[in-house]
Amino acid sequence: MSQHLTVVKHPLVTHKLTLMRKSETSTASFRRLLREISLLLAYEVTRDLELTNIRIDTPLKPIDAPVLEGKKLALVSILRAGNGLMDGILELIPAARIGFVGLYRDPETLQPVEYYCKLPNLLEERMTIVVDPMLATGNSSVAALDLVKRKGAKNICFVCLLASPEGVARMKEAHPDVPIVTASLDEGLDEHGYIVPGLGDAGDRMFGTK
Ligand code: URA
């Protein structure tokens, strides 16, 4: 992927995102829409995967036909909201290896602190897709990418539903080699670090918590 930021402008993505933003959208609909959009974002993020030919027999004749090359992909979810995006992507890439990164924000320093990290092995040989619906300040995304890089990942993409200009700039500064795929670049952040206009707290809306 040559660009640092790709905003997927497909009408299906845009339409479903508008439904997700509406405050009256139910938890069940929010989850379903997120899964549907994640399939479309997965299609975009995997567009440049390398293929290699293998010999197969069709019912009519043997042919050389393309399949994905290299080790299985790795999907890394930033807990907890990342899981909603991950579930949809997994439907398209069911053999992917899965990792989780858990971070909380220290109330004093406001910096992300790791509380959980379990990543697949051989990340250096895999394409690694890190997912979090909201790229807001970028602090937790940058920290998660630090962790996957420390574990060896080199070929990394970041997929989110919404991005803020502040988050994109922070990611570009810290991880210029990691392309970002998103469904929308929103206006900015409010004083609490929420994306505006955004959709509220993605985790709460997805899991029905407050
Ligand atoms: N996390 C969310 O869930 N929503 C935002 O707007 C920002 C961060």
# chains A, B, ... in the order shown; residues from 1 in each chain; ligands from 1

$ select_by_dssp --residues "stretch 83-175 of chain A" --states "strand (DSSP E)" --output "NGL selection string"
:A and (97-105 or 112-118 or 127-131 or 134-135 or 155-159 or 162-163)

$ write_last_selection --atoms "N, CA, C and O atoms" --output "tab-separated table (two decimals), in the first residue's frame"
chain	number	residue	atom	x	y	z
A	97	ARG	N	-3.68	-15.78	12.09
A	97	ARG	CA	-3.29	-15.92	13.50
A	97	ARG	C	-3.78	-14.67	14.24
A	97	ARG	O	-3.84	-13.60	13.64
A	98	ILE	N	-4.10	-14.83	15.51
A	98	ILE	CA	-4.73	-13.74	16.24
A	98	ILE	C	-3.88	-13.29	17.43
A	98	ILE	O	-3.34	-14.12	18.16
A	99	GLY	N	-3.80	-11.98	17.61
A	99	GLY	CA	-3.13	-11.43	18.80
A	99	GLY	C	-4.02	-10.39	19.46
A	99	GLY	O	-4.94	-9.84	18.84
A	100	PHE	N	-3.73	-10.13	20.74
A	100	PHE	CA	-4.48	-9.12	21.49
A	100	PHE	C	-3.51	-8.21	22.23
A	100	PHE	O	-2.52	-8.70	22.79
A	101	VAL	N	-3.84	-6.94	22.21
A	101	VAL	CA	-3.08	-5.98	23.01
A	101	VAL	C	-4.08	-5.23	23.89
A	101	VAL	O	-5.06	-4.68	23.38
A	102	GLY	N	-3.84	-5.23	25.19
A	102	GLY	CA	-4.70	-4.48	26.12
A	102	GLY	C	-3.93	-3.32	26.71
A	102	GLY	O	-2.81	-3.49	27.21
A	103	LEU	N	-4.53	-2.14	26.61
A	103	LEU	CA	-3.87	-0.93	27.12
A	103	LEU	C	-4.90	-0.13	27.91
A	103	LEU	O	-6.06	-0.07	27.51
A	104	TYR	N	-4.50	0.47	29.01
A	104	TYR	CA	-5.40	1.43	29.66
A	104	TYR	C	-4.67	2.76	29.78
A	104	TYR	O	-3.44	2.81	29.67
A	105	ARG	N	-5.45	3.82	29.99
A	105	ARG	CA	-4.84	5.14	30.07
A	105	ARG	C	-4.56	5.50	31.52
A	105	ARG	O	-5.47	5.51	32.34
A	112	PRO	N	-0.75	5.53	27.59
A	112	PRO	CA	-1.22	4.14	27.61
A	112	PRO	C	-0.27	3.22	28.36
A	112	PRO	O	0.94	3.33	28.23
A	113	VAL	N	-0.86	2.33	29.18
A	113	VAL	CA	-0.08	1.36	29.94
A	113	VAL	C	-0.55	-0.04	29.52
A	113	VAL	O	-1.75	-0.29	29.48
A	114	GLU	N	0.40	-0.92	29.24
A	114	GLU	CA	0.05	-2.27	28.77
A	114	GLU	C	-0.42	-3.12	29.94
A	114	GLU	O	0.23	-3.17	30.97
A	115	TYR	N	-1.60	-3.80	29.80
A	115	TYR	CA	-2.01	-4.76	30.82
A	115	TYR	C	-2.12	-6.16	30.26
A	115	TYR	O	-2.25	-7.13	30.99
A	116	TYR	N	-2.09	-6.28	28.93
A	116	TYR	CA	-2.15	-7.62	28.32
A	116	TYR	C	-1.52	-7.57	26.94
A	116	TYR	O	-1.74	-6.61	26.19
A	117	CYS	N	-0.74	-8.57	26.63
A	117	CYS	CA	-0.17	-8.64	25.28
A	117	CYS	C	0.11	-10.10	24.94
A	117	CYS	O	0.93	-10.75	25.60
A	118	LYS	N	-0.59	-10.61	23.96
A	118	LYS	CA	-0.36	-11.99	23.50
A	118	LYS	C	-0.37	-11.94	21.98
A	118	LYS	O	-1.40	-11.64	21.36
A	127	MET	N	2.17	-10.71	7.21
A	127	MET	CA	1.56	-9.39	7.18
A	127	MET	C	0.72	-9.29	8.47
A	127	MET	O	-0.02	-10.22	8.81
A	128	THR	N	0.85	-8.19	9.18
A	128	THR	CA	0.16	-8.01	10.45
A	128	THR	C	-0.84	-6.86	10.32
A	128	THR	O	-0.46	-5.74	9.98
A	129	ILE	N	-2.10	-7.17	10.56
A	129	ILE	CA	-3.15	-6.14	10.49
A	129	ILE	C	-3.59	-5.82	11.92
A	129	ILE	O	-4.10	-6.69	12.63
A	130	VAL	N	-3.33	-4.59	12.33
A	130	VAL	CA	-3.70	-4.16	13.69
A	130	VAL	C	-5.02	-3.41	13.58
A	130	VAL	O	-5.18	-2.54	12.71
A	131	VAL	N	-5.98	-3.76	14.43
A	131	VAL	CA	-7.33	-3.17	14.30
A	131	VAL	C	-7.81	-2.50	15.58
A	131	VAL	O	-7.63	-3.01	16.68
A	134	MET	N	-11.43	3.14	16.53
A	134	MET	CA	-11.30	4.59	16.66
A	134	MET	C	-9.84	5.01	16.75
A	134	MET	O	-9.16	4.73	17.75
A	135	LEU	N	-9.33	5.69	15.74
A	135	LEU	CA	-7.99	6.29	15.83
A	135	LEU	C	-8.21	7.73	16.29
A	135	LEU	O	-8.47	8.62	15.48
A	155	ASN	N	5.86	-5.92	8.25
A	155	ASN	CA	4.86	-5.56	7.24
A	155	ASN	C	3.51	-5.39	7.98
A	155	ASN	O	2.81	-6.37	8.24
A	156	ILE	N	3.20	-4.15	8.32
A	156	ILE	CA	2.04	-3.89	9.21
A	156	ILE	C	1.08	-2.91	8.53
A	156	ILE	O	1.52	-1.97	7.86
A	157	CYS	N	-0.22	-3.13	8.73
A	157	CYS	CA	-1.25	-2.17	8.33
A	157	CYS	C	-2.12	-1.91	9.54
A	157	CYS	O	-2.31	-2.81	10.38
A	158	PHE	N	-2.69	-0.72	9.59
A	158	PHE	CA	-3.60	-0.38	10.68
A	158	PHE	C	-4.97	-0.12	10.08
A	158	PHE	O	-5.10	0.67	9.14
A	159	VAL	N	-5.99	-0.78	10.61
A	159	VAL	CA	-7.36	-0.61	10.10
A	159	VAL	C	-8.24	-0.04	11.20
A	159	VAL	O	-8.27	-0.56	12.32
A	162	LEU	N	-13.02	4.95	12.12
A	162	LEU	CA	-12.92	6.42	12.06
A	162	LEU	C	-11.53	6.84	12.49
A	162	LEU	O	-10.96	6.27	13.42
A	163	ALA	N	-11.04	7.90	11.81
A	163	ALA	CA	-9.75	8.46	12.21
A	163	ALA	C	-9.92	9.96	12.42
A	163	ALA	O	-10.76	10.60	11.77

$ residues_near_ligand --ligand "ligand 1" --cutoff "7 Å" --atoms "only C-alpha atoms and all ligand atoms" --output "PyMOL selection string"
chain A and resi 134-136+193-196+198-203

$ residues_around --residues "A:Glu166" --least-positions-apart "4" --cutoff "8 Å" --atoms "only C-alpha atoms" --output "ChimeraX atom specification"
/A:136-138,170,188-189

$ write_last_selection --atoms "N, CA, C and O atoms" --output "short mmCIF file (atom, residue, chain, number, x, y, z; two decimals), in the first residue's frame"
data_model
loop_
_atom_site.label_atom_id
_atom_site.label_comp_id
_atom_site.auth_asym_id
_atom_site.auth_seq_id
_atom_site.Cartn_x
_atom_site.Cartn_y
_atom_site.Cartn_z
N ALA A 136 -8.15 7.93 17.60
CA ALA A 136 -8.50 9.24 18.18
C ALA A 136 -7.22 10.05 18.43
O ALA A 136 -6.72 10.69 17.52
N THR A 137 -6.68 9.99 19.67
CA THR A 137 -5.41 10.71 19.91
C THR A 137 -4.25 9.99 19.23
O THR A 137 -3.21 10.59 18.95
N GLY A 138 -4.40 8.69 19.02
CA GLY A 138 -3.33 7.88 18.43
C GLY A 138 -2.42 7.28 19.49
O GLY A 138 -1.57 6.44 19.16
N ARG A 170 -0.21 11.77 14.47
CA ARG A 170 0.60 11.10 15.52
C ARG A 170 1.16 9.78 15.01
O ARG A 170 2.30 9.43 15.27
N GLY A 188 -12.17 16.13 13.96
CA GLY A 188 -11.16 16.34 15.00
C GLY A 188 -11.56 15.67 16.30
O GLY A 188 -12.39 14.76 16.30
N LEU A 189 -10.98 16.15 17.40
CA LEU A 189 -11.23 15.58 18.73
C LEU A 189 -11.88 16.63 19.62
O LEU A 189 -11.59 17.82 19.49
#

$ atom_distance --atom1 "atom CA of A:Pro179" --atom2 "atom CA of A:His10"
18.5 Å

$ closest_residue --among "A:Leu33, A:Ala65, A:Val142, A:Met171" --to "A:Thr14" --atoms "only C-alpha atoms"
A:Leu33

$ closest_residue --among "A:Ser38, A:Met206, A:Val67, A:Thr182" --to "A:Ile89" --atoms "only C-alpha atoms"
A:Ser38

$ closest_residue --among "A:Met20, A:Ala183, A:Leu51, A:Ala144" --to "A:Leu161" --atoms "only C-alpha atoms"
A:Ala183
